[in-house]
Protein chains: 2
Amino acid sequence: MAYHHGSLKEDLLAAAARVVADRGPAGLSLRELARELGVTHTAPRHHFGDKRGVLTALAAQGHRLLAGRLVAAGDDFLEAGVAYVRFALDHPGHFSVMFRPDLVDEASEELRQARSRTRSALLRGAAAYAGPSFTADASLGATTEASGAATEGGRGALARSGAELPPFALLAWSAAHGMASLALSGALSAMGMGSTPEELTRSARAGLQRLTPP
Amino acid sequence: MAYHHGSLKEDLLAAAARVVADRGPAGLSLRELARELGVTHTAPRHHFGDKRGVLTALAAQGHRLLAGRLVAAGDDFLEAGVAYVRFALDHPGHFSVMFRPDLVDEASEELRQARSRTRSALLRGAAAYAGPSFTADASLGATTEASGAATEGGRGALARSGAELPPFALLAWSAAHGMASLALSGALSAMGMGSTPEELTRSARAGLQRLTPP
DNA sequence: GGAGAATCTTACCAGCGGTAAGTTATCACA
DNA sequence: TGTGATAACTTACCGCTGGTAAGATTCTCC
């Protein structure tokens, strides 16, 4: 066994995603991860600092993935919502830490940047749906990795002032988020409302269609 | 100090709700709770078995409270949604374990009964909104504590088959759940969309109003 | 007042996250 | 080519946690 693992950082992240996916963030043990990868339990510390660091990196990676999917859905509000749900089902490990500020390092610059992309994509979708009265910044740069922190200048009213996010947009985001959360946590089945991913996708689309812009 | 604490079970539950409310389920330490109440760390075991047992009791208590509020909101679909969000904000400790089957003891009869009340209340609200084409059982018995397990007979189509919950109802529940979750986890503020409880309540009402029944 | 059950304690175990200090490999550069 | 700096990883330790087993104390009720 080589002293240098080679790709410990990536492997740790991938293993963490897998474990979090089926045991939740609380069920993650750095020592177990390290054992699995054949290193001692202090090796991860070098790359991520501590457990919080691992979850932070996972969240950032997730935000980059999600933002990419939302942008790929284009200006279609419905498809963006569906894409949100599908992302959660496809990457449950990432999803379950992405919107949990209590679990991550809020000071992480990597996380802030990644999260800002998701935020922009969400606002852009809402703006497109709401019509010309709201305008979001078009230059979201969803694919450039090292694009630096998003600048606040040159944005539309919607993108600039989050607090004034129109209720329908907040509700739509909440709906997609809630549906994904309920499904992933197993609450849907526990409440006797089991659904396959396919049914859930259909329900999301059908439900969002009943939501009218202001 | 008396050997018998007197109300250890209730006190433990109340303390647990408080701790979970501001540190999450993972941040709960039975030992810390026991210290706080002046007993040794094995005392809780007698009442709840283990940590999972505490969270299970908390979830069951929460479901009874929530079901009560939903029933109190009557057949008004909008108000039920708003009540859902308000409940989450009022009882964050309870709420954060109620829809997390991974954290509780699924075999608990107390939990099953409590959860069944919430389920009935949710379905009843959806049925009332959807109109006479869907009918939910009227005898939900939301106040009788020892009513026993809900019988499956004599229910309307909506209440009987959860999988066929109409998309708009699932979306509405998801929206209320998602909004509450995002607010409680701090994700709303983290994404730059901070909202006070009052704003959130208004947004929930305004958003749900944009949702049309089939 | 005595039997039995409920309630709580003492003593112990393995596992976890985290820190400090030391070892080994790789890489940049003379 | 070799050497010094740095990155990558290890060993050894700490306190805390949840959980179990076995025992002590108090209450209940006949």
# chains A, B, ... in the order shown; residues from 1 in each chain; ligands from 1
>>> interface_residues(of="chain B", to="chain C", cutoff="8 Å", atoms="only C-alpha atoms (C1' of nucleotides)", output="list in words")
Tyr3, His4, Val39, Thr40, Ala43 and His46 of chain B
>>> interface_residues(of="chain B", to="chain D", cutoff="9 Å", atoms="only C-alpha atoms (C1' of nucleotides)", output="count of residues only")
7
>>> interface_residues(of="chain B", to="chain A", cutoff="8 Å", atoms="only C-alpha atoms", output="tab-separated table (two decimals) with C-alpha atoms, in the first residue's frame")
chain	number	residue	atom	x	y	z
B	26	ALA	CA	-28.18	15.30	16.01
B	99	PHE	CA	-41.29	13.66	9.28
B	100	ARG	CA	-38.02	11.86	9.79
B	101	PRO	CA	-38.79	8.15	9.91
B	102	ASP	CA	-35.06	7.48	9.96
B	115	ARG	CA	-49.24	10.17	12.71
B	116	SER	CA	-52.49	8.75	11.47
B	119	ARG	CA	-52.57	12.13	7.83
B	161	SER	CA	-55.60	5.32	-1.10
B	162	GLY	CA	-52.69	7.56	-0.26
B	163	ALA	CA	-50.84	6.84	-3.44
B	164	GLU	CA	-53.67	8.49	-5.34
B	165	LEU	CA	-53.38	11.73	-3.46
B	167	PRO	CA	-51.01	16.19	-7.33
B	168	PHE	CA	-52.32	19.56	-6.22
B	169	ALA	CA	-52.78	18.28	-2.67
B	170	LEU	CA	-49.34	16.74	-2.58
B	171	LEU	CA	-47.93	19.97	-3.95
B	172	ALA	CA	-49.71	22.04	-1.34
B	173	TRP	CA	-48.48	19.86	1.48
B	174	SER	CA	-45.00	19.88	-0.01
B	175	ALA	CA	-45.07	23.64	-0.28
B	176	ALA	CA	-46.04	24.16	3.33
B	177	HIS	CA	-43.53	21.56	4.43
B	178	GLY	CA	-40.77	22.93	2.25
B	179	MET	CA	-41.30	26.50	3.33
B	181	SER	CA	-38.13	23.36	6.49
B	182	LEU	CA	-36.21	25.98	4.57
B	185	SER	CA	-32.94	25.17	8.81
B	186	GLY	CA	-31.82	28.70	8.10
B	187	ALA	CA	-31.57	27.98	4.38
B	190	ALA	CA	-28.40	31.53	3.90
B	191	MET	CA	-29.69	31.92	0.36
B	192	GLY	CA	-30.20	35.61	0.97
B	193	MET	CA	-33.95	35.36	1.28
B	194	GLY	CA	-34.42	36.06	4.94
B	195	SER	CA	-37.95	36.28	6.21
B	203	SER	CA	-46.05	34.45	1.81
B	204	ALA	CA	-47.53	31.05	2.53
B	206	ALA	CA	-50.38	34.44	-0.81
B	207	GLY	CA	-48.56	31.56	-2.46
B	208	LEU	CA	-51.19	28.95	-1.68
B	210	ARG	CA	-52.13	30.90	-6.48
B	211	LEU	CA	-52.75	27.20	-6.37
B	212	THR	CA	-55.92	26.12	-8.15
B	213	PRO	CA	-57.75	22.84	-7.52
B	214	PRO	CA	-58.19	20.45	-10.47
>>> atom_distance(atom1="CA of Thr42 in chain B", atom2="CA of Leu111 in chain B")
23.2 Å
>>> residues_around(residues="Arg18 in chain A", least_positions_apart="5", cutoff="10 Å", atoms="only C-alpha atoms (C1' of nucleotides)", output="number ranges by chain")
A: 12-13, 23-24, 28, 91-94
>>> write_last_selection(atoms="C-alpha atoms", output="CSV table (one decimal), in the first residue's frame")
chain,number,residue,atom,x,y,z
A,12,LEU,CA,-13.6,10.6,0.6
A,13,LEU,CA,-16.2,12.9,-0.9
A,23,ARG,CA,-27.8,7.0,6.6
A,24,GLY,CA,-28.1,10.8,6.7
A,28,LEU,CA,-21.6,9.7,8.8
A,91,HIS,CA,-28.1,12.9,-5.4
A,92,PRO,CA,-29.7,12.4,-2.0
A,93,GLY,CA,-26.4,12.6,-0.2
A,94,HIS,CA,-25.6,16.0,-1.6
>>> closest_residue(among="B:Leu66, B:Ala88, B:Phe77, B:Ala57", to="Ala21 in chain B", atoms="only C-alpha atoms")
B:Ala88
>>> atom_distance(atom1="CA of Leu70 in chain A", atom2="CA of Val104 in chain A")
22.7 Å
